[in-house]
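A.B. asks: mmCIF, C-alpha atoms, file coords_22.cif:
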```cif
data_target
loop_
_atom_site.label_atom_id
_atom_site.label_comp_id
_atom_site.auth_asym_id
_atom_site.auth_seq_id
_atom_site.Cartn_x
_atom_site.Cartn_y
_atom_site.Cartn_z
CA MET A 86 9.54 -60.21 25.67
CA ILE A 87 9.05 -57.26 27.98
CA PRO A 88 9.89 -54.72 25.24
CA VAL A 89 7.28 -56.27 22.97
CA ILE A 90 4.70 -56.05 25.74
CA GLY A 91 5.78 -52.45 26.30
CA LEU A 92 5.34 -51.70 22.60
CA LEU A 93 1.85 -53.14 22.55
CA ALA A 94 0.97 -51.42 25.80
CA GLY A 95 2.15 -48.08 24.43
CA LEU A 96 0.15 -48.54 21.26
CA GLY A 97 -2.91 -49.47 23.28
CA LEU A 98 -2.46 -46.53 25.62
CA GLY A 99 -2.13 -44.06 22.76
CA LEU A 100 -5.17 -45.43 20.94
CA TRP A 101 -7.32 -45.84 24.01
CA LEU A 102 -6.58 -42.60 25.86
CA GLN A 103 -5.94 -40.51 22.76
CA PRO A 104 -4.15 -37.87 24.83
CA THR A 105 -4.18 -34.36 23.41
CA VAL A 106 -0.77 -32.85 22.93
CA PRO A 107 -0.59 -29.38 24.48
CA VAL A 108 -0.18 -26.67 21.90
CA TRP A 109 3.18 -25.51 23.23
CA LEU A 110 4.52 -29.06 22.86
CA GLN A 111 3.23 -29.68 19.35
CA PRO A 112 6.24 -28.38 17.38
CA TYR A 113 8.61 -30.62 19.37
CA LEU A 114 6.69 -33.89 19.22
CA PRO A 115 7.58 -34.93 15.64
CA ILE A 116 11.26 -34.14 16.15
CA ALA A 117 11.26 -35.95 19.47
CA ILE A 118 9.73 -38.98 17.79
CA VAL A 119 12.33 -39.02 15.02
CA ALA A 120 15.08 -38.76 17.65
CA ALA A 121 13.51 -41.59 19.65
CA LEU A 122 13.22 -43.65 16.48
CA ASP A 123 16.95 -43.16 15.94
CA ALA A 124 17.66 -44.45 19.45
CA VAL A 125 15.36 -47.42 18.94
CA VAL A 126 16.87 -48.41 15.60
CA GLY A 127 20.34 -48.02 17.08
CA ALA A 128 19.29 -50.27 19.95
CA LEU A 129 17.98 -52.86 17.51
CA ARG A 130 21.28 -52.87 15.67
CA ALA A 131 23.23 -53.17 18.92
CA LEU A 132 20.94 -56.00 19.91
CA GLY A 133 21.83 -57.76 16.66
CA GLU A 134 25.52 -57.24 17.28
CA ARG A 135 25.11 -58.47 20.84
CA ARG A 136 26.28 -55.18 22.22
CA PHE A 137 22.96 -54.04 23.62
CA ASN A 138 23.14 -52.33 26.95
CA ASP A 139 20.04 -51.09 28.68
CA ARG A 140 21.74 -48.10 30.28
CA VAL A 141 23.11 -46.89 26.98
CA PHE A 142 19.71 -47.37 25.39
CA VAL A 143 17.79 -45.50 28.04
CA ILE A 144 20.28 -42.65 28.21
CA SER A 145 20.61 -42.31 24.44
CA PHE A 146 16.82 -42.38 24.09
CA VAL A 147 16.22 -39.68 26.66
CA SER A 148 19.14 -37.50 25.61
CA ASN A 149 18.21 -37.78 21.91
CA VAL A 150 14.68 -36.66 22.62
CA ILE A 151 15.77 -33.82 24.88
CA ILE A 152 18.55 -32.56 22.60
CA ALA A 153 16.38 -32.67 19.46
CA SER A 154 13.55 -30.80 21.20
CA ALA A 155 15.99 -28.30 22.69
CA MET A 156 17.49 -27.60 19.28
CA VAL A 157 14.08 -26.94 17.80
CA PHE A 158 13.22 -24.75 20.79
CA VAL A 159 16.41 -22.71 20.45
CA GLY A 160 15.87 -22.50 16.69
CA ASP A 161 12.34 -21.19 17.27
CA GLN A 162 13.68 -18.52 19.61
CA LEU A 163 16.28 -17.51 17.02
CA GLY A 164 13.82 -17.56 14.14
CA VAL A 165 15.47 -20.50 12.35
CA GLY A 166 13.24 -23.20 13.84
CA SER A 167 12.19 -24.78 10.56
CA GLN A 168 15.75 -24.84 9.15
CA LEU A 169 17.13 -26.34 12.32
CA SER A 170 14.32 -28.93 12.35
CA THR A 171 15.27 -29.85 8.79
CA GLY A 172 18.91 -30.24 9.81
CA VAL A 173 18.02 -32.43 12.76
CA ILE A 174 15.72 -34.57 10.62
CA VAL A 175 18.39 -35.00 7.94
CA VAL A 176 21.08 -36.09 10.40
CA LEU A 177 18.76 -38.44 12.29
CA GLY A 178 17.39 -39.78 9.04
CA ILE A 179 20.87 -40.65 7.79
CA ARG A 180 21.66 -42.38 11.07
CA ILE A 181 18.42 -44.36 10.93
CA PHE A 182 19.15 -45.44 7.37
CA ALA A 183 22.73 -46.43 8.20
CA ASN A 184 21.64 -48.44 11.23
CA ALA A 185 18.84 -50.08 9.26
CA ALA A 186 21.36 -50.97 6.55
CA ALA A 187 23.65 -52.56 9.16
CA ILE A 188 20.74 -54.60 10.49
CA ARG A 189 19.81 -55.62 6.98
CA ARG A 190 23.41 -56.72 6.25
CA ARG A 191 23.46 -58.73 9.41
CA ILE A 192 20.17 -60.52 8.72
CA PHE A 193 20.52 -61.15 5.01
CA HIS A 194 24.32 -61.11 4.77
CA ALA A 195 23.98 -58.78 1.86
CA MET B 546 31.17 -58.04 9.82
CA SER B 547 30.12 -58.17 13.41
CA GLN B 548 33.66 -57.76 14.63
CA GLN B 549 34.29 -54.66 12.59
CA ALA B 550 36.46 -52.15 14.38
CA PRO B 551 34.51 -49.59 16.35
CA PRO B 552 34.46 -46.33 14.50
CA HIS B 553 35.58 -43.36 16.48
CA ALA B 554 33.86 -40.08 16.56
CA GLY B 555 37.20 -38.39 16.88
CA SER B 556 38.65 -39.84 13.71
CA GLY B 557 38.63 -36.26 12.51
CA PRO B 558 37.83 -34.38 9.40
CA GLY B 559 41.40 -34.84 8.15
CA ARG B 560 40.53 -38.40 7.23
CA GLY B 561 38.52 -37.11 4.33
CA GLY B 562 34.98 -37.99 3.56
CA GLY B 563 32.14 -35.58 3.94
CA LEU B 564 30.07 -34.74 6.92
CA LEU B 565 27.30 -37.03 5.75
CA GLU B 566 29.66 -39.94 5.37
CA GLN B 567 30.91 -39.38 8.89
CA ILE B 568 27.37 -39.31 10.22
CA ALA B 569 26.58 -42.54 8.43
CA GLU B 570 29.74 -44.18 9.75
CA ASN B 571 29.00 -43.23 13.32
CA ALA B 572 25.39 -44.18 13.00
CA LEU B 573 25.49 -46.54 15.96
CA ASP B 574 25.97 -44.59 19.15
CA ASP B 575 29.59 -44.85 20.07
CA ASP B 576 28.44 -45.61 23.55
CA TYR B 577 27.52 -49.13 22.55
CA TYR B 578 31.17 -49.68 21.60
CA VAL B 579 32.75 -47.59 24.32
CA PHE B 580 30.67 -48.78 27.21
CA ARG B 581 32.29 -51.84 28.58
CA GLY B 582 30.71 -52.06 31.98
CA SER B 583 29.07 -55.16 33.20
CA GLN B 584 27.91 -57.37 30.40
CA PRO B 585 24.17 -57.23 29.92
CA ARG B 586 22.68 -59.54 32.44
CA PRO B 587 19.12 -60.59 32.10
CA SER B 588 17.34 -59.19 35.07
CA TRP B 589 13.89 -57.88 35.87
CA ARG B 590 15.16 -54.36 36.38
CA THR B 591 16.75 -54.15 32.96
CA GLY B 592 13.74 -55.55 31.20
CA ILE B 593 11.31 -53.27 32.96
CA VAL B 594 13.27 -50.09 32.29
CA VAL B 595 13.68 -50.93 28.62
CA GLY B 596 10.04 -51.90 28.47
CA LEU B 597 9.02 -48.59 29.98
CA VAL B 598 11.08 -46.67 27.47
CA VAL B 599 9.61 -48.67 24.61
CA THR B 600 6.14 -48.03 26.01
CA LEU B 601 6.89 -44.34 26.11
CA PHE B 602 8.12 -44.48 22.54
CA ALA B 603 5.05 -46.30 21.29
CA THR B 604 2.79 -43.90 23.17
CA LEU B 605 4.55 -40.92 21.61
CA VAL B 606 4.27 -42.31 18.10
CA THR B 607 0.63 -43.26 18.52
CA THR B 608 -0.26 -39.93 20.07
CA ALA B 609 1.39 -38.01 17.28
CA ALA B 610 -0.27 -40.15 14.64
CA VAL B 611 -3.69 -39.85 16.25
CA GLN B 612 -3.27 -36.11 16.70
CA THR B 613 -2.24 -35.59 13.10
CA ARG B 614 -5.19 -37.66 11.99
CA ASN B 615 -7.62 -35.75 14.18
CA ASP B 616 -6.20 -32.40 13.16
CA ARG B 617 -6.65 -33.06 9.50
CA PRO B 618 -10.41 -32.37 9.34
CA ALA B 619 -9.87 -29.18 11.33
CA THR B 620 -7.16 -28.09 8.93
CA GLU B 621 -9.35 -28.99 5.99
CA LEU B 622 -12.25 -27.06 7.50
CA GLU B 623 -10.01 -24.08 8.13
CA ARG B 624 -8.80 -24.16 4.56
CA ARG B 625 -12.32 -24.34 3.19
CA THR B 626 -13.43 -21.49 5.44
CA LEU B 627 -10.51 -19.40 4.28
CA ALA B 628 -11.28 -20.14 0.65
CA ALA B 629 -14.91 -19.14 1.18
CA ASP B 630 -13.72 -16.00 2.94
CA ILE B 631 -11.50 -15.10 0.04
CA GLU B 632 -14.28 -15.64 -2.44
CA ALA B 633 -16.66 -13.49 -0.42
CA ARG B 634 -14.09 -10.71 -0.11
CA GLN B 635 -13.36 -10.85 -3.81
CA LYS B 636 -17.02 -10.56 -4.54
CA THR B 637 -17.28 -7.57 -2.23
CA LEU B 638 -14.24 -6.05 -3.87
CA ASP B 639 -15.76 -6.50 -7.32
CA GLU B 640 -18.98 -4.93 -6.16
CA ARG B 641 -17.15 -1.99 -4.63
CA ARG B 642 -15.12 -1.55 -7.79
CA ALA B 643 -18.25 -1.52 -9.88
CA ALA B 644 -19.84 0.97 -7.49
CA ALA B 645 -16.73 3.15 -7.65
CA ALA B 646 -16.75 3.06 -11.45
CA ALA B 647 -20.45 3.96 -11.55
CA LEU B 648 -19.96 6.79 -9.08
CA SER B 649 -16.97 8.21 -10.93
CA ALA B 650 -18.95 8.10 -14.16
CA GLN B 651 -21.72 9.95 -12.37
CA VAL B 652 -19.26 12.53 -11.06
CA GLN B 653 -17.89 13.02 -14.54
CA ALA B 654 -21.37 13.51 -15.99
CA LEU B 655 -22.28 15.97 -13.25
CA GLN B 656 -19.05 17.87 -13.77
CA GLN B 657 -19.74 18.13 -17.47
CA THR B 658 -23.23 19.48 -16.93
CA GLY B 659 -21.85 21.80 -14.28
CA ASP B 660 -19.23 23.10 -16.69
CA ALA B 661 -21.83 23.56 -19.39
CA GLU B 662 -24.08 25.53 -17.06
CA THR B 663 -21.61 27.78 -15.36
CA GLY B 664 -18.55 27.88 -17.58
CA GLN B 665 -15.20 28.45 -16.00
CA PRO B 666 -15.18 30.52 -12.79
CA ALA B 667 -12.23 32.53 -14.10
CA ASP B 668 -14.24 33.57 -17.17
CA LEU B 669 -17.13 34.49 -14.91
CA GLY B 670 -14.81 36.73 -12.94
CA VAL B 671 -13.79 38.51 -16.13
CA LEU B 672 -17.42 38.92 -17.19
CA ALA B 673 -18.44 40.21 -13.77
CA SER B 674 -15.42 42.54 -13.72
CA SER B 675 -14.53 41.17 -10.30
CA THR B 676 -10.98 40.18 -11.29
CA ALA B 677 -8.16 42.23 -12.76
CA VAL B 678 -7.42 41.30 -16.37
CA GLU B 679 -4.65 41.74 -18.89
CA GLY B 680 -4.29 41.19 -22.61
CA PRO B 681 -4.10 43.04 -25.90
CA GLY B 682 -6.25 46.12 -26.31
CA ILE B 683 -6.37 49.80 -27.20
CA VAL B 684 -5.72 52.90 -25.16
CA ILE B 685 -7.78 56.03 -26.01
CA THR B 686 -6.40 59.26 -24.68
CA THR B 687 -8.62 62.31 -24.82
CA THR B 688 -8.59 65.72 -23.21
CA ASN B 689 -10.41 69.06 -23.35
CA SER B 690 -9.81 71.38 -26.26
CA GLN B 691 -7.10 74.00 -25.95
CA ASP B 692 -9.48 76.98 -26.35
CA ASP B 693 -11.21 76.26 -23.04
CA LEU B 694 -14.69 76.83 -24.48
CA GLU B 695 -17.75 75.20 -22.93
CA ALA B 696 -18.23 73.02 -26.01
CA GLY B 697 -14.65 71.80 -25.85
CA ARG B 698 -15.02 70.22 -22.42
CA ILE B 699 -15.49 66.52 -22.18
CA THR B 700 -18.68 65.61 -20.37
CA ASP B 701 -19.95 62.49 -18.67
CA ARG B 702 -22.10 61.91 -21.72
CA ASP B 703 -19.03 61.90 -23.98
CA LEU B 704 -17.41 59.22 -21.86
CA GLN B 705 -20.66 57.20 -21.64
CA VAL B 706 -20.92 57.23 -25.43
CA LEU B 707 -17.28 56.22 -25.75
CA VAL B 708 -17.58 53.36 -23.27
CA ASN B 709 -20.79 52.10 -24.86
CA GLY B 710 -19.12 52.36 -28.26
CA LEU B 711 -16.24 50.27 -27.01
CA TRP B 712 -18.64 47.59 -25.68
CA TYR B 713 -20.38 47.76 -29.03
CA ALA B 714 -17.04 47.32 -30.78
CA GLY B 715 -16.44 44.09 -28.89
CA ALA B 716 -14.36 45.10 -25.89
CA GLU B 717 -14.18 42.49 -23.18
CA ALA B 718 -13.25 44.90 -20.40
CA VAL B 719 -13.18 48.69 -20.20
CA ALA B 720 -11.56 51.02 -17.68
CA VAL B 721 -11.67 54.81 -17.45
CA ASN B 722 -8.62 56.36 -15.79
CA ASP B 723 -7.91 53.01 -14.16
CA ASN B 724 -11.49 52.62 -12.95
CA ARG B 725 -12.87 49.39 -14.25
CA VAL B 726 -16.36 49.68 -15.69
CA GLY B 727 -18.54 46.94 -14.18
CA THR B 728 -22.22 46.12 -14.17
CA LEU B 729 -23.00 48.68 -11.43
CA THR B 730 -20.59 51.34 -12.61
CA SER B 731 -21.93 54.78 -13.39
CA ILE B 732 -20.20 57.58 -15.27
CA ARG B 733 -21.65 60.92 -14.24
CA THR B 734 -20.80 64.51 -13.63
CA ALA B 735 -20.62 65.61 -10.03
CA GLY B 736 -19.85 69.28 -9.70
CA ASP B 737 -16.88 70.11 -11.92
CA ALA B 738 -15.55 66.60 -12.19
CA ILE B 739 -16.69 63.33 -13.67
CA THR B 740 -17.02 60.35 -11.32
CA VAL B 741 -16.54 56.74 -12.26
CA ASN B 742 -17.35 54.19 -9.55
CA TYR B 743 -17.92 57.27 -7.36
CA ARG B 744 -14.34 58.35 -7.81
CA SER B 745 -13.61 61.75 -9.29
CA ILE B 746 -11.42 61.90 -12.34
CA GLY B 747 -10.17 64.76 -14.45
CA PRO B 748 -8.62 65.33 -17.85
CA PRO B 749 -6.75 63.91 -19.57
CA TYR B 750 -8.97 60.85 -19.75
CA SER B 751 -7.47 57.55 -20.62
CA VAL B 752 -9.97 54.89 -21.64
CA ILE B 753 -8.56 51.39 -21.94
CA ALA B 754 -10.43 48.60 -23.72
CA LEU B 755 -9.34 44.97 -23.80
CA GLY B 756 -9.87 43.11 -27.05
CA ASP B 757 -8.32 42.56 -30.45
CA PRO B 758 -6.68 45.98 -31.19
CA GLU B 759 -7.27 45.82 -34.95
CA SER B 760 -10.98 45.02 -34.87
CA LEU B 761 -11.62 47.30 -31.87
CA GLN B 762 -10.12 50.24 -33.75
CA THR B 763 -11.94 49.49 -36.98
CA ARG B 764 -15.29 48.87 -35.40
CA LEU B 765 -15.08 51.85 -33.09
CA ARG B 766 -14.36 54.07 -36.10
CA GLN B 767 -17.36 52.67 -37.96
CA ASN B 768 -19.95 52.66 -35.18
CA PRO B 769 -22.02 55.68 -34.01
CA ALA B 770 -19.77 56.28 -31.01
CA GLY B 771 -16.78 56.65 -33.30
CA ALA B 772 -18.69 59.01 -35.56
CA TYR B 773 -19.85 61.04 -32.55
CA TRP B 774 -16.29 61.45 -31.28
CA GLU B 775 -14.98 62.26 -34.74
CA ASP B 776 -17.62 64.96 -34.87
CA ARG B 777 -16.62 66.23 -31.40
CA ARG B 778 -12.98 66.36 -32.43
CA LYS B 779 -13.70 68.28 -35.61
CA ARG B 780 -16.24 70.74 -34.21
CA SER B 781 -15.03 71.34 -30.66
CA GLY B 782 -11.36 70.57 -30.94
CA VAL B 783 -11.25 67.95 -28.19
CA GLU B 784 -8.19 65.80 -28.51
CA PHE B 785 -8.76 62.15 -29.23
CA ALA B 786 -6.02 59.57 -29.89
CA VAL B 787 -6.28 55.78 -30.20
CA THR B 788 -3.17 53.70 -29.51
CA PRO B 789 -3.14 49.93 -29.95
CA SER B 790 -1.26 48.06 -27.25
CA LEU B 791 -0.21 44.42 -26.99
CA GLU B 792 -0.43 44.43 -23.23
CA VAL B 793 -2.99 46.39 -21.27
CA THR B 794 -3.85 45.79 -17.64
CA LEU B 795 -7.21 46.61 -16.11
CA PRO B 796 -7.97 46.50 -12.37
CA ALA B 797 -11.01 44.86 -10.86
CA VAL B 798 -14.11 46.80 -9.93
CA PRO B 799 -13.90 47.92 -6.28
CA ASP B 800 -15.67 45.56 -3.90
CA GLN B 801 -18.27 48.17 -2.91
CA ARG B 802 -19.49 48.26 -6.50
CA LEU B 803 -19.91 44.45 -6.58
CA ASP B 804 -22.10 44.07 -3.51
CA LEU B 805 -25.56 42.84 -4.32
CA LYS B 806 -28.08 43.99 -1.75
CA HIS B 807 -31.36 42.96 -3.29
CA ALA B 808 -30.80 40.57 -6.15
CA SER B 809 -30.65 36.79 -5.63
CA THR B 810 -30.46 33.88 -8.04
CA LEU B 811 -33.71 32.39 -9.33
CA GLU B 812 -34.49 29.17 -7.49
CA GLU B 813 -34.62 27.01 -10.63
CA ASP B 814 -31.27 28.24 -11.94
CA ARG B 815 -29.31 27.16 -8.91
#
```
Could you write out this structure as C-alpha cells?

C.D. replies:
Amino acid sequence: MIPVIGLLAGLGLGLWLQPTVPVWLQPYLPIAIVAALDAVVGALRALGERRFNDRVFVISFVSNVIIASAMVFVGDQLGVGSQLSTGVIVVLGIRIFANAAAIRRRIFHA
Amino acid sequence: MSQQAPPHAGSGPGRGGGLLEQIAENALDDDYYVFRGSQPRPSWRTGIVVGLVVTLFATLVTTAAVQTRNDRPATELERRTLAADIEARQKTLDERRAAAAALSAQVQALQQTGDAETGQPADLGVLASSTAVEGPGIVITTTNSQDDLEAGRITDRDLQVLVNGLWYAGAEAVAVNDNRVGTLTSIRTAGDAITVNYRSIGPPYSVIALGDPESLQTRLRQNPAGAYWEDRRKRSGVEFAVTPSLEVTLPAVPDQRLDLKHASTLEEDR
C-alpha cells in the first residue's frame, strides 16, 4: 500500500513541481533511471517469489543508481562515455527483461 | 519454479554459456537469495523506507520525461535556426562565388586590354634598348684604308649611314664597338676619334646588328647604305667585311643615355 502511495506521490511531485535537472546532471539521469528500473523490477520479482527484503531493495536501488552514474561519469572523463552508456544500458536491459520474464512465468505459469 | 536453486554469480565462465546468458541468469540480485537475515516483517519503518525509494524513483522518471518533453521544442527550434543559418550562409557563399567569378572575368578582360596596349615588358625593353639582347645577326668589321689618306678614314658620317642602313635593313638592335645604339645615342666625331654614347672608339670598327642574317645581308647590300659603303670600299680602299653569326650579344644602352629629363607620357595614353 505504502509503495503505491509513494509511486503516486512521486508522479504528482514530478508533474506538479516540474523540477529542472541541472545541466551537469543531465547525462546521468537517463542511466540512473534505467538502473533504478532494474532494481524496481528485481524487487517486483523478489516480491513475487516471497523473497523481498527492504534492505536489499534500498541498497540495490541506491548502489545501482550510483554505480551506473559513476560509470558514465568515468566514461565521459575517458572519452568513451557514449560507449560505456550503451554497455550499461545493454546489461541492465537484459536484466530487466530476464526479471520481467520470471515475473511473467510466475503469473501466467508459461 | 519458485524453489529453483539460487544461481551463483561465481559459477564461473568455465560452465560455458556466454556473458549475456550469465547476465540473464543472474538477473535477480543475488542478494535476495543470499540475504537470510530476519524474515521481512511488516512494520512501519520498512514500508516508509520502501515508499520513499519508490517516490524517489517515480520523481526521477517523471522529471526525466517532463524534461525531455520540454526540451523537444528547444531542440526543434535550434535545429530550425541552424537550418536557416546554413541556408543563409550558402546563399552568401553563392553570392560571393558569383562576385568572384565576375571579378576574375573583369581582371582577365583588363589584362587582355593591358596586353594589347603595352605588349610584353620584355619586348619593350628590347625596343627601348634598355636590356641586353642576344640572337642571330651579322657582324660588320671595317677599318681605315691601308694608304692612310684622308679619304680612306672612316668618319662619323660613314658609321651613321651604316647604322641607319642596318635599321633600314630590318635590324632589331645595333651596337657599334659594343656600344648599343639607343633612341638617344649619337655617333659623332670629337677630335680625332668617333664617340658613340659619348664614349670614344677607334678603328677597327665592329658594327653588330641583330636580325635574320640572310635578309639583313641581302637588304643591306641592296639599300643605299650598302651602295654607299660599296662605293667607299672601291674608291677609298676602306675595308668592309660582313660576317653572319648565329649568336650575337649586344649590351644595353648605358643608364645615362636612357634618362628622360623633359618628356612625359601623354595623359590620355596612360

A.B. asks: Applied to the shown file, which residues does the PyMOL selection byres ((chain A and resi 106-118) around 8) return, written as a ChimeraX atom specification?

C.D. replies: /A:104-105,119-122,149-151,153-154,157-158,170,173-174 /B:602,605-606,608-609,612

A.B. asks: Have a look at atom CA of Arg764 of chain B and atom CA of Val719 of chain B and let me know their distance in Å, one decimal.

C.D. replies: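 Going from atom CA of Arg764 of chain B over to atom CA of Val719 of chain B covers 15.3 Å.
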
A.B. asks: Translate the PyMOL selection byres ((chain A and resi 133) around 10) into a concrete residue list for this structure, as a list in words.

C.D. replies: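 So the PyMOL selection byres ((chain A and resi 133) around 10) ends up selecting Gly127, Ala128, Leu129, Arg130, Ala131, Leu132, Glu134, Arg135, Arg136, Phe137, Ala187, Ile188, Arg191 and Ile192 of chain A; Ser547 of chain B.
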
A.B. asks: Applying the PyMOL selection byres ((chain B and resi 676-691) around 8) to the file I just gave you, which residues come out? Please list them as number ranges by chain.

C.D. replies: B: 670-671, 673-675, 692-694, 697-699, 718, 748-758, 761-762, 781-798

A.B. asks: Can I get the selection written as a PDB file, in the frame of the given file, with C-alpha atoms?

C.D. replies:
```pdb
ATOM      1  CA  GLY B 670     -14.810  36.730 -12.940  1.00  0.00           C
ATOM      2  CA  VAL B 671     -13.790  38.510 -16.130  1.00  0.00           C
ATOM      3  CA  ALA B 673     -18.440  40.210 -13.770  1.00  0.00           C
ATOM      4  CA  SER B 674     -15.420  42.540 -13.720  1.00  0.00           C
ATOM      5  CA  SER B 675     -14.530  41.170 -10.300  1.00  0.00           C
ATOM      6  CA  ASP B 692      -9.480  76.980 -26.350  1.00  0.00           C
ATOM      7  CA  ASP B 693     -11.210  76.260 -23.040  1.00  0.00           C
ATOM      8  CA  LEU B 694     -14.690  76.830 -24.480  1.00  0.00           C
ATOM      9  CA  GLY B 697     -14.650  71.800 -25.850  1.00  0.00           C
ATOM     10  CA  ARG B 698     -15.020  70.220 -22.420  1.00  0.00           C
ATOM     11  CA  ILE B 699     -15.490  66.520 -22.180  1.00  0.00           C
ATOM     12  CA  ALA B 718     -13.250  44.900 -20.400  1.00  0.00           C
ATOM     13  CA  PRO B 748      -8.620  65.330 -17.850  1.00  0.00           C
ATOM     14  CA  PRO B 749      -6.750  63.910 -19.570  1.00  0.00           C
ATOM     15  CA  TYR B 750      -8.970  60.850 -19.750  1.00  0.00           C
ATOM     16  CA  SER B 751      -7.470  57.550 -20.620  1.00  0.00           C
ATOM     17  CA  VAL B 752      -9.970  54.890 -21.640  1.00  0.00           C
ATOM     18  CA  ILE B 753      -8.560  51.390 -21.940  1.00  0.00           C
ATOM     19  CA  ALA B 754     -10.430  48.600 -23.720  1.00  0.00           C
ATOM     20  CA  LEU B 755      -9.340  44.970 -23.800  1.00  0.00           C
ATOM     21  CA  GLY B 756      -9.870  43.110 -27.050  1.00  0.00           C
ATOM     22  CA  ASP B 757      -8.320  42.560 -30.450  1.00  0.00           C
ATOM     23  CA  PRO B 758      -6.680  45.980 -31.190  1.00  0.00           C
ATOM     24  CA  LEU B 761     -11.620  47.300 -31.870  1.00  0.00           C
ATOM     25  CA  GLN B 762     -10.120  50.240 -33.750  1.00  0.00           C
ATOM     26  CA  SER B 781     -15.030  71.340 -30.660  1.00  0.00           C
ATOM     27  CA  GLY B 782     -11.360  70.570 -30.940  1.00  0.00           C
ATOM     28  CA  VAL B 783     -11.250  67.950 -28.190  1.00  0.00           C
ATOM     29  CA  GLU B 784      -8.190  65.800 -28.510  1.00  0.00           C
ATOM     30  CA  PHE B 785      -8.760  62.150 -29.230  1.00  0.00           C
ATOM     31  CA  ALA B 786      -6.020  59.570 -29.890  1.00  0.00           C
ATOM     32  CA  VAL B 787      -6.280  55.780 -30.200  1.00  0.00           C
ATOM     33  CA  THR B 788      -3.170  53.700 -29.510  1.00  0.00           C
ATOM     34  CA  PRO B 789      -3.140  49.930 -29.950  1.00  0.00           C
ATOM     35  CA  SER B 790      -1.260  48.060 -27.250  1.00  0.00           C
ATOM     36  CA  LEU B 791      -0.210  44.420 -26.990  1.00  0.00           C
ATOM     37  CA  GLU B 792      -0.430  44.430 -23.230  1.00  0.00           C
ATOM     38  CA  VAL B 793      -2.990  46.390 -21.270  1.00  0.00           C
ATOM     39  CA  THR B 794      -3.850  45.790 -17.640  1.00  0.00           C
ATOM     40  CA  LEU B 795      -7.210  46.610 -16.110  1.00  0.00           C
ATOM     41  CA  PRO B 796      -7.970  46.500 -12.370  1.00  0.00           C
ATOM     42  CA  ALA B 797     -11.010  44.860 -10.860  1.00  0.00           C
ATOM     43  CA  VAL B 798     -14.110  46.800  -9.930  1.00  0.00           C
TER      44      VAL B 798
END
```

A.B. asks: Contacts of segment 800-803 of chain B at 10 Å or less, counting only C-alpha atoms, minus same-chain residues fewer than 4 places along, as number ranges by chain?

C.D. replies: B: 673-675, 726-731, 742-743

A.B. asks: Can you tell me how far atom CA of Leu765 of chain B sits from atom CA of Gln705 of chain B, in Å to one decimal?

C.D. replies: 13.8 Å

A.B. asks: Would you give me, as a tab-separated table, each residue of chain A having an atom within 6 Å of an atom of chain B, along with its shortest atom pair and that distance in Å to one decimal, using only C-alpha atoms and sorting by chain and residue number?

C.D. replies:
```
residue	atom	partner	partner_atom	distance
A:Ile87	CA	B:Gly596	CA	5.5
A:Pro88	CA	B:Gly596	CA	4.3
A:Gly91	CA	B:Thr600	CA	4.4
A:Leu92	CA	B:Thr600	CA	5.1
A:Gly95	CA	B:Thr600	CA	4.3
A:Leu96	CA	B:Ala603	CA	5.4
A:Gly99	CA	B:Thr604	CA	4.9
A:Gly127	CA	B:Leu573	CA	5.5
A:Asn138	CA	B:Pro585	CA	5.8
A:Arg180	CA	B:Ala572	CA	4.6
A:Ala183	CA	B:Ala569	CA	5.5
A:Asn184	CA	B:Ala572	CA	5.9
```

A.B. asks: Using only C-alpha atoms, which residues sit within 9 Å of segment 769-773 of chain B once same-chain residues fewer than 6 positions away are excluded, as a compact mmCIF listing (two decimals) with C-alpha atoms, in the coordinates of the input?

C.D. replies:
```txt
# COMPACT_ATOMS: atom_id res chain seq x y z
CA ASP B 703 -19.03 61.90 -23.98
CA VAL B 706 -20.92 57.23 -25.43
CA LEU B 707 -17.28 56.22 -25.75
CA VAL B 708 -17.58 53.36 -23.27
CA ASN B 709 -20.79 52.10 -24.86
CA GLY B 710 -19.12 52.36 -28.26
CA LEU B 711 -16.24 50.27 -27.01
CA TYR B 713 -20.38 47.76 -29.03
```

A.B. asks: Point out the residue among A:Val126, A:Gly97, A:Leu102, A:Ile90 with the least atom-to-atom distance to Ile179 of chain A, counting only C-alpha atoms.

C.D. replies: A:Val126

A.B. asks: To one decimal place in Å, what is the distance between atom CA of Asn722 of chain B and atom CA of Ala735 of chain B?

C.D. replies: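 Atom-to-atom, atom CA of Asn722 of chain B to atom CA of Ala735 of chain B, that is 16.2 Å.
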
A.B. asks: May I have the centre and edge lengths, in Å to one decimal, of an axis-aligned box around the listed atoms of segment 725-735 of chain B with 5 Å added to every side, as lines of an AutoDock Vina configuration file?

C.D. replies:
```
center_x = -17.9
center_y = 55.9
center_z = -12.9
size_x = 20.1
size_y = 29.5
size_z = 15.7
```
